[in-house]
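K.L.:
What follows is a structure written as structure tokens; I'll ask about it next.
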Amino acid sequence: MKAAALSAGAQEDVYTPSASARDLIAAVASFPSKACSDHSAELIDQLRDLEDLKSAVAAAQARIAVVFDLAERRAQAEAGVPAADRGQGVAAQIALARRESPSRGNRLLGLARALVTEMPHTLAALDSGRLNEWRATLLVRETACLSAADRCAVDEELSPHTGTFDGAGDRALIAAARTAAYRRDPRSATQRVSHAAAERHVSLRPAPDTMTYLTALLPVAQGVGMYAALTRHADSLRSAGDTRSRGQLMADTLVERTTGTPRGITGVELQLVMTDRTLLRGGNEPAHLNGYGIVPAAWARTTMNPAGMANSATRTTGSRPGITGGTAGGVVGSAGPGQELRVWVRRLYTAPGTGDLLAVDSSARLFNEGQRRFIEVRDRSCRTPYCDAPIRQVDHVLPWQDAGPTSLWNGAGLCEACNHTKEINGWKATTRTGPTHTIDLRTPTGHTYRSAAPPALGTGSGEPAHAQSRLPRREKRHHIRALKRAHRQPLTA
Ligand SMILES: [Zn+2]
């Protein structure tokens, strides 16, 4: 997963800690102190001390977030922002400062508000280290359906116990909070159920070995019904002689019924990006599948040219010879209903030396399809620092109405929420000149956060297949013969 994390791009904030924070960081960095390093009991004491410190820091961050929220709302009111719109961009700024995604910033601000304004005893337990940030979050979450007054009452009811949660697991903590909440407001259970149904959704997240988890959060009756229908169908196919396992049949049926085709890909596009060496010369540089992440080179080649696709159309578009040295292959697979899987190969060019993707500019206000694809390939996910959300909109970094050109350099892939935040008064994005596409995002407080596009594929450190091509011919022949010999050897334990 390290590669996936790095692929989000080099994103740094331009920030210097205050003197008091620097002193605190230096004090923490001195642990374990030399005097204690030979005494096991003292080392355990230090672990506890630091744990308490983490909790106290979380409590301080909650208080700061609430004060910041109030100050921003006051400033927005003075600037004439309508009451309904005040508070916009606050969570996004907290997220950037805490190096978290915007959606997590929202949750952190909600947690801070609940702790500071409605749950003082829980906040005190966080301050003293008796609860850590995660366990305080559980208490806030389990009382979220209550009115402010009821939440305060539950906080008070639990307060004598907050200290004795020592030794209780997360489940015990949740059970205690839930019991107190249900007792205080029995109707909240019903409201919670109806609220839960409104949260239904389907999500996709990567699993190892080019697999994915497609998860549906559903009301229990629908979930159980779907599972029963898939099981029944799989059982009937197996009794008719299908040799696939029940699990395989259920998964295949789910794909078939959802997409309307046994292949599971119909009228949709998979964007698979790889270097020309990976595509044509058996190179090992991994490819990138949009919406998933990094995939092995061999898997990408097989997906491009699966067995039985001899008649599929393969064509090349978008070639711009003469611009560059290194090239990257942009690959798109798509199929219409009842058609063979079609594969397009688009050539994307990288600047020699820097590996930056290059292409043409446009004088139109809207980004054309080619530019859009290009920016999606370059940015991979939302360009706001720490936001991993998929790209939903290609945005002008310098707005078009401020004479910002419709160019790759002035374009950035953003998720919907971040595009909205960027439009709020006081936010400003600019591109920096330099070899890598870099955006500086300035927030209303005057802080600047930097986002650099992830390195293009095939421009990282060392690509074995590429390196191998530089071997002298004699050495290469020797290498191939050695490989063949190794294949003929029987495997021994
Ligand atoms: Zn975003």
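Ordering of the structure tokens sets the chain letters (A, B, ...), residue numbers begin anew at 1 in every chain, and ligands are numbered from 1 in the order given.
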What do you get as a list in words if you pick all residues at most 7 Å from ligand 1, counting only C-alpha atoms and all ligand atoms?
P.N.:
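Using only C-alpha atoms and all ligand atoms, I find these residues within 7 Å of ligand 1: Pro102, Cys382, Arg383, Thr384, Cys387, Asp388, Ala389, Leu414, Cys415, Glu416, Ala417 and Cys418 of chain A.
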K.L.:
Which residues are near His420 of chain A? Cut-off 12 Å, only C-alpha atoms, ignore same chain within fewer than 6 positions. Put them as a VMD selection string.
P.N.:
chain A and resid 88 to 89 92 102 384 392 to 393 395 414 427
K.L.:
In segment 120-335 of chain A, what's strand (DSSP E or B) per DSSP? Answer as number ranges by chain?
P.N.:
A: 201-207, 211-217, 269-275, 287-289, 293-295, 314-317, 327-334
K.L.:
Which residues are close to Ile174 of chain A, i.e. within 10 Å by only C-alpha atoms, leaving aside same-chain residues fewer than 6 positions away? Reply as a ChimeraX atom specification.
P.N.:
/A:135,138-143,168,180
K.L.:
Can you write out the residues you just picked, keeping N, CA and C atoms, as a PDB file, in the first residue's frame?
P.N.:
```pdb
ATOM      1  N   ARG A 135     -11.641   6.717  21.527  1.00  0.00           N
ATOM      2  CA  ARG A 135     -12.702   6.308  22.438  1.00  0.00           C
ATOM      3  C   ARG A 135     -13.650   7.473  22.728  1.00  0.00           C
ATOM      4  N   LEU A 138     -16.050   7.459  19.921  1.00  0.00           N
ATOM      5  CA  LEU A 138     -17.110   6.449  20.068  1.00  0.00           C
ATOM      6  C   LEU A 138     -18.252   6.995  20.929  1.00  0.00           C
ATOM      7  N   LEU A 139     -17.911   7.677  22.027  1.00  0.00           N
ATOM      8  CA  LEU A 139     -18.949   8.222  22.910  1.00  0.00           C
ATOM      9  C   LEU A 139     -19.765   9.300  22.185  1.00  0.00           C
ATOM     10  N   VAL A 140     -19.077  10.119  21.403  1.00  0.00           N
ATOM     11  CA  VAL A 140     -19.774  11.159  20.639  1.00  0.00           C
ATOM     12  C   VAL A 140     -20.681  10.511  19.595  1.00  0.00           C
ATOM     13  N   ARG A 141     -20.154   9.502  18.906  1.00  0.00           N
ATOM     14  CA  ARG A 141     -20.926   8.836  17.845  1.00  0.00           C
ATOM     15  C   ARG A 141     -22.189   8.175  18.397  1.00  0.00           C
ATOM     16  N   GLU A 142     -22.057   7.517  19.541  1.00  0.00           N
ATOM     17  CA  GLU A 142     -23.196   6.776  20.093  1.00  0.00           C
ATOM     18  C   GLU A 142     -24.271   7.695  20.662  1.00  0.00           C
ATOM     19  N   THR A 143     -23.949   8.974  20.877  1.00  0.00           N
ATOM     20  CA  THR A 143     -24.948   9.903  21.405  1.00  0.00           C
ATOM     21  C   THR A 143     -25.378  10.917  20.346  1.00  0.00           C
ATOM     22  N   ALA A 168     -11.944  -1.431  30.055  1.00  0.00           N
ATOM     23  CA  ALA A 168     -13.100  -1.821  29.241  1.00  0.00           C
ATOM     24  C   ALA A 168     -12.721  -1.697  27.774  1.00  0.00           C
ATOM     25  N   ALA A 180     -27.202   4.174  27.964  1.00  0.00           N
ATOM     26  CA  ALA A 180     -27.579   5.461  28.566  1.00  0.00           C
ATOM     27  C   ALA A 180     -28.398   6.289  27.578  1.00  0.00           C
TER      28      ALA A 180
END
```
K.L.:
Considering only C-alpha atoms, return as a ChimeraX atom specification whatever protein or nucleic-acid residues lie within 8 Å of Ala181 of chain A, sequence-local ones (same chain, fewer than 2 positions apart) excluded.
P.N.:
/A:142-143,146,150-151,154,177-179,183-186,188
K.L.:
Residues at most 12 Å from Ile64 of chain A, counting only C-alpha atoms, excluding those fewer than 2 positions away in the same chain, as a PDB file with C-alpha atoms, in the first residue's frame?
P.N.:
```pdb
ATOM      1  CA  VAL A  57      -3.178  17.166  22.609  1.00  0.00           C
ATOM      2  CA  ALA A  58      -6.397  15.830  21.024  1.00  0.00           C
ATOM      3  CA  ALA A  59      -8.456  17.725  23.645  1.00  0.00           C
ATOM      4  CA  ALA A  60      -6.510  20.917  22.951  1.00  0.00           C
ATOM      5  CA  GLN A  61      -7.054  20.453  19.197  1.00  0.00           C
ATOM      6  CA  ALA A  62     -10.810  20.094  19.807  1.00  0.00           C
ATOM      7  CA  VAL A  66     -14.222  25.232  18.090  1.00  0.00           C
ATOM      8  CA  VAL A  67     -12.648  28.640  18.759  1.00  0.00           C
ATOM      9  CA  PHE A  68     -11.461  28.763  15.121  1.00  0.00           C
ATOM     10  CA  ASP A  69     -14.942  27.829  13.891  1.00  0.00           C
ATOM     11  CA  LEU A  70     -16.508  30.661  15.920  1.00  0.00           C
ATOM     12  CA  ALA A  71     -13.898  33.192  14.745  1.00  0.00           C
ATOM     13  CA  ILE A  94      -8.910  22.113   9.836  1.00  0.00           C
ATOM     14  CA  ALA A  97      -3.819  21.816   9.099  1.00  0.00           C
ATOM     15  CA  ARG A  98      -4.211  18.289  10.503  1.00  0.00           C
ATOM     16  CA  LEU A 108     -13.112  16.127  13.414  1.00  0.00           C
ATOM     17  CA  LEU A 109     -14.936  19.454  13.587  1.00  0.00           C
ATOM     18  CA  ALA A 112     -14.791  18.976  18.574  1.00  0.00           C
ATOM     19  CA  ARG A 113     -18.140  20.783  18.691  1.00  0.00           C
ATOM     20  CA  LEU A 115     -17.024  17.577  23.064  1.00  0.00           C
ATOM     21  CA  VAL A 116     -16.669  21.281  23.811  1.00  0.00           C
TER      22      VAL A 116
END
```
K.L.:
Quick one: everything within 10 Å of Leu47 of chain A, counting only C-alpha atoms, minus sequence neighbours fewer than 5 positions away in the same chain. Send it as a list of chain:residue names.
P.N.:
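The filter keeps A:Phe31, A:Pro32, A:Glu42, A:Asp52, A:Leu53.
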K.L.:
Just to confirm, what's the straight-line distance from atom CA of Thr438 of chain A to atom CA of Pro385 of chain A in Å (one decimal)?
P.N.:
11.3 Å
K.L.:
Please identify the helix (DSSP H, G or I) residues within segment 91-175 of chain A (assignment by DSSP from backbone atoms) and present them as a VMD selection string.
P.N.:
chain A and resid 91 to 97 102 to 117 120 to 128 133 to 142 148 to 165 170 to 175
K.L.:
Write the residues of the selection above to a file with C-alpha atoms, as a PDB file, in the first residue's frame.
P.N.:
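Now in selection-v6.pdb:
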```pdb
ATOM      1  CA  ALA A  91     -13.639  21.970   8.179  1.00  0.00           C
ATOM      2  CA  ALA A  92     -11.509  22.073   5.009  1.00  0.00           C
ATOM      3  CA  GLN A  93      -8.962  24.337   6.739  1.00  0.00           C
ATOM      4  CA  ILE A  94      -8.910  22.113   9.836  1.00  0.00           C
ATOM      5  CA  ALA A  95      -8.338  19.114   7.538  1.00  0.00           C
ATOM      6  CA  LEU A  96      -5.377  20.768   5.794  1.00  0.00           C
ATOM      7  CA  ALA A  97      -3.819  21.816   9.099  1.00  0.00           C
ATOM      8  CA  PRO A 102     -11.722  17.108   3.835  1.00  0.00           C
ATOM      9  CA  SER A 103     -14.327  14.510   4.835  1.00  0.00           C
ATOM     10  CA  ARG A 104     -12.284  13.568   7.902  1.00  0.00           C
ATOM     11  CA  GLY A 105     -11.907  17.295   8.641  1.00  0.00           C
ATOM     12  CA  ASN A 106     -15.705  17.468   8.784  1.00  0.00           C
ATOM     13  CA  ARG A 107     -15.873  14.602  11.253  1.00  0.00           C
ATOM     14  CA  LEU A 108     -13.112  16.127  13.414  1.00  0.00           C
ATOM     15  CA  LEU A 109     -14.936  19.454  13.587  1.00  0.00           C
ATOM     16  CA  GLY A 110     -18.199  17.668  14.514  1.00  0.00           C
ATOM     17  CA  LEU A 111     -16.340  15.768  17.236  1.00  0.00           C
ATOM     18  CA  ALA A 112     -14.791  18.976  18.574  1.00  0.00           C
ATOM     19  CA  ARG A 113     -18.140  20.783  18.691  1.00  0.00           C
ATOM     20  CA  ALA A 114     -19.823  17.886  20.496  1.00  0.00           C
ATOM     21  CA  LEU A 115     -17.024  17.577  23.064  1.00  0.00           C
ATOM     22  CA  VAL A 116     -16.669  21.281  23.811  1.00  0.00           C
ATOM     23  CA  THR A 117     -20.317  22.327  23.796  1.00  0.00           C
ATOM     24  CA  PRO A 120     -17.613  18.466  29.011  1.00  0.00           C
ATOM     25  CA  HIS A 121     -17.023  15.346  31.123  1.00  0.00           C
ATOM     26  CA  THR A 122     -15.846  13.371  28.117  1.00  0.00           C
ATOM     27  CA  LEU A 123     -13.598  16.282  27.149  1.00  0.00           C
ATOM     28  CA  ALA A 124     -12.173  16.326  30.685  1.00  0.00           C
ATOM     29  CA  ALA A 125     -11.463  12.588  30.433  1.00  0.00           C
ATOM     30  CA  LEU A 126      -9.649  13.240  27.155  1.00  0.00           C
ATOM     31  CA  ASP A 127      -7.679  16.059  28.801  1.00  0.00           C
ATOM     32  CA  SER A 128      -6.528  13.821  31.611  1.00  0.00           C
ATOM     33  CA  GLU A 133      -9.350  10.473  20.863  1.00  0.00           C
ATOM     34  CA  TRP A 134     -10.790   7.302  19.305  1.00  0.00           C
ATOM     35  CA  ARG A 135     -12.702   6.308  22.438  1.00  0.00           C
ATOM     36  CA  ALA A 136     -14.025   9.861  22.856  1.00  0.00           C
ATOM     37  CA  THR A 137     -15.163   9.625  19.221  1.00  0.00           C
ATOM     38  CA  LEU A 138     -17.110   6.449  20.068  1.00  0.00           C
ATOM     39  CA  LEU A 139     -18.949   8.222  22.910  1.00  0.00           C
ATOM     40  CA  VAL A 140     -19.774  11.159  20.639  1.00  0.00           C
ATOM     41  CA  ARG A 141     -20.926   8.836  17.845  1.00  0.00           C
ATOM     42  CA  GLU A 142     -23.196   6.776  20.093  1.00  0.00           C
ATOM     43  CA  ALA A 148     -28.072  18.662  22.996  1.00  0.00           C
ATOM     44  CA  ALA A 149     -29.778  18.533  26.425  1.00  0.00           C
ATOM     45  CA  ASP A 150     -30.039  14.724  26.396  1.00  0.00           C
ATOM     46  CA  ARG A 151     -26.470  14.396  25.239  1.00  0.00           C
ATOM     47  CA  CYS A 152     -25.312  16.601  28.121  1.00  0.00           C
ATOM     48  CA  ALA A 153     -27.322  14.408  30.498  1.00  0.00           C
ATOM     49  CA  VAL A 154     -25.784  11.195  29.147  1.00  0.00           C
ATOM     50  CA  ASP A 155     -22.330  12.770  29.403  1.00  0.00           C
ATOM     51  CA  GLU A 156     -23.034  13.550  33.041  1.00  0.00           C
ATOM     52  CA  GLU A 157     -24.505  10.110  33.700  1.00  0.00           C
ATOM     53  CA  LEU A 158     -21.418   8.423  32.287  1.00  0.00           C
ATOM     54  CA  SER A 159     -18.994  10.783  33.999  1.00  0.00           C
ATOM     55  CA  PRO A 160     -18.492   8.783  37.212  1.00  0.00           C
ATOM     56  CA  HIS A 161     -17.737   5.831  34.969  1.00  0.00           C
ATOM     57  CA  THR A 162     -15.483   7.602  32.539  1.00  0.00           C
ATOM     58  CA  GLY A 163     -12.517   6.918  34.794  1.00  0.00           C
ATOM     59  CA  THR A 164     -13.538   3.314  35.270  1.00  0.00           C
ATOM     60  CA  PHE A 165     -13.664   2.710  31.526  1.00  0.00           C
ATOM     61  CA  ASP A 170     -14.369  -0.443  22.831  1.00  0.00           C
ATOM     62  CA  ARG A 171     -17.485  -2.632  22.736  1.00  0.00           C
ATOM     63  CA  ALA A 172     -18.087  -2.177  26.462  1.00  0.00           C
ATOM     64  CA  LEU A 173     -17.713   1.574  26.016  1.00  0.00           C
ATOM     65  CA  ILE A 174     -20.182   1.601  23.133  1.00  0.00           C
ATOM     66  CA  ALA A 175     -22.640  -0.551  25.081  1.00  0.00           C
TER      67      ALA A 175
END
```
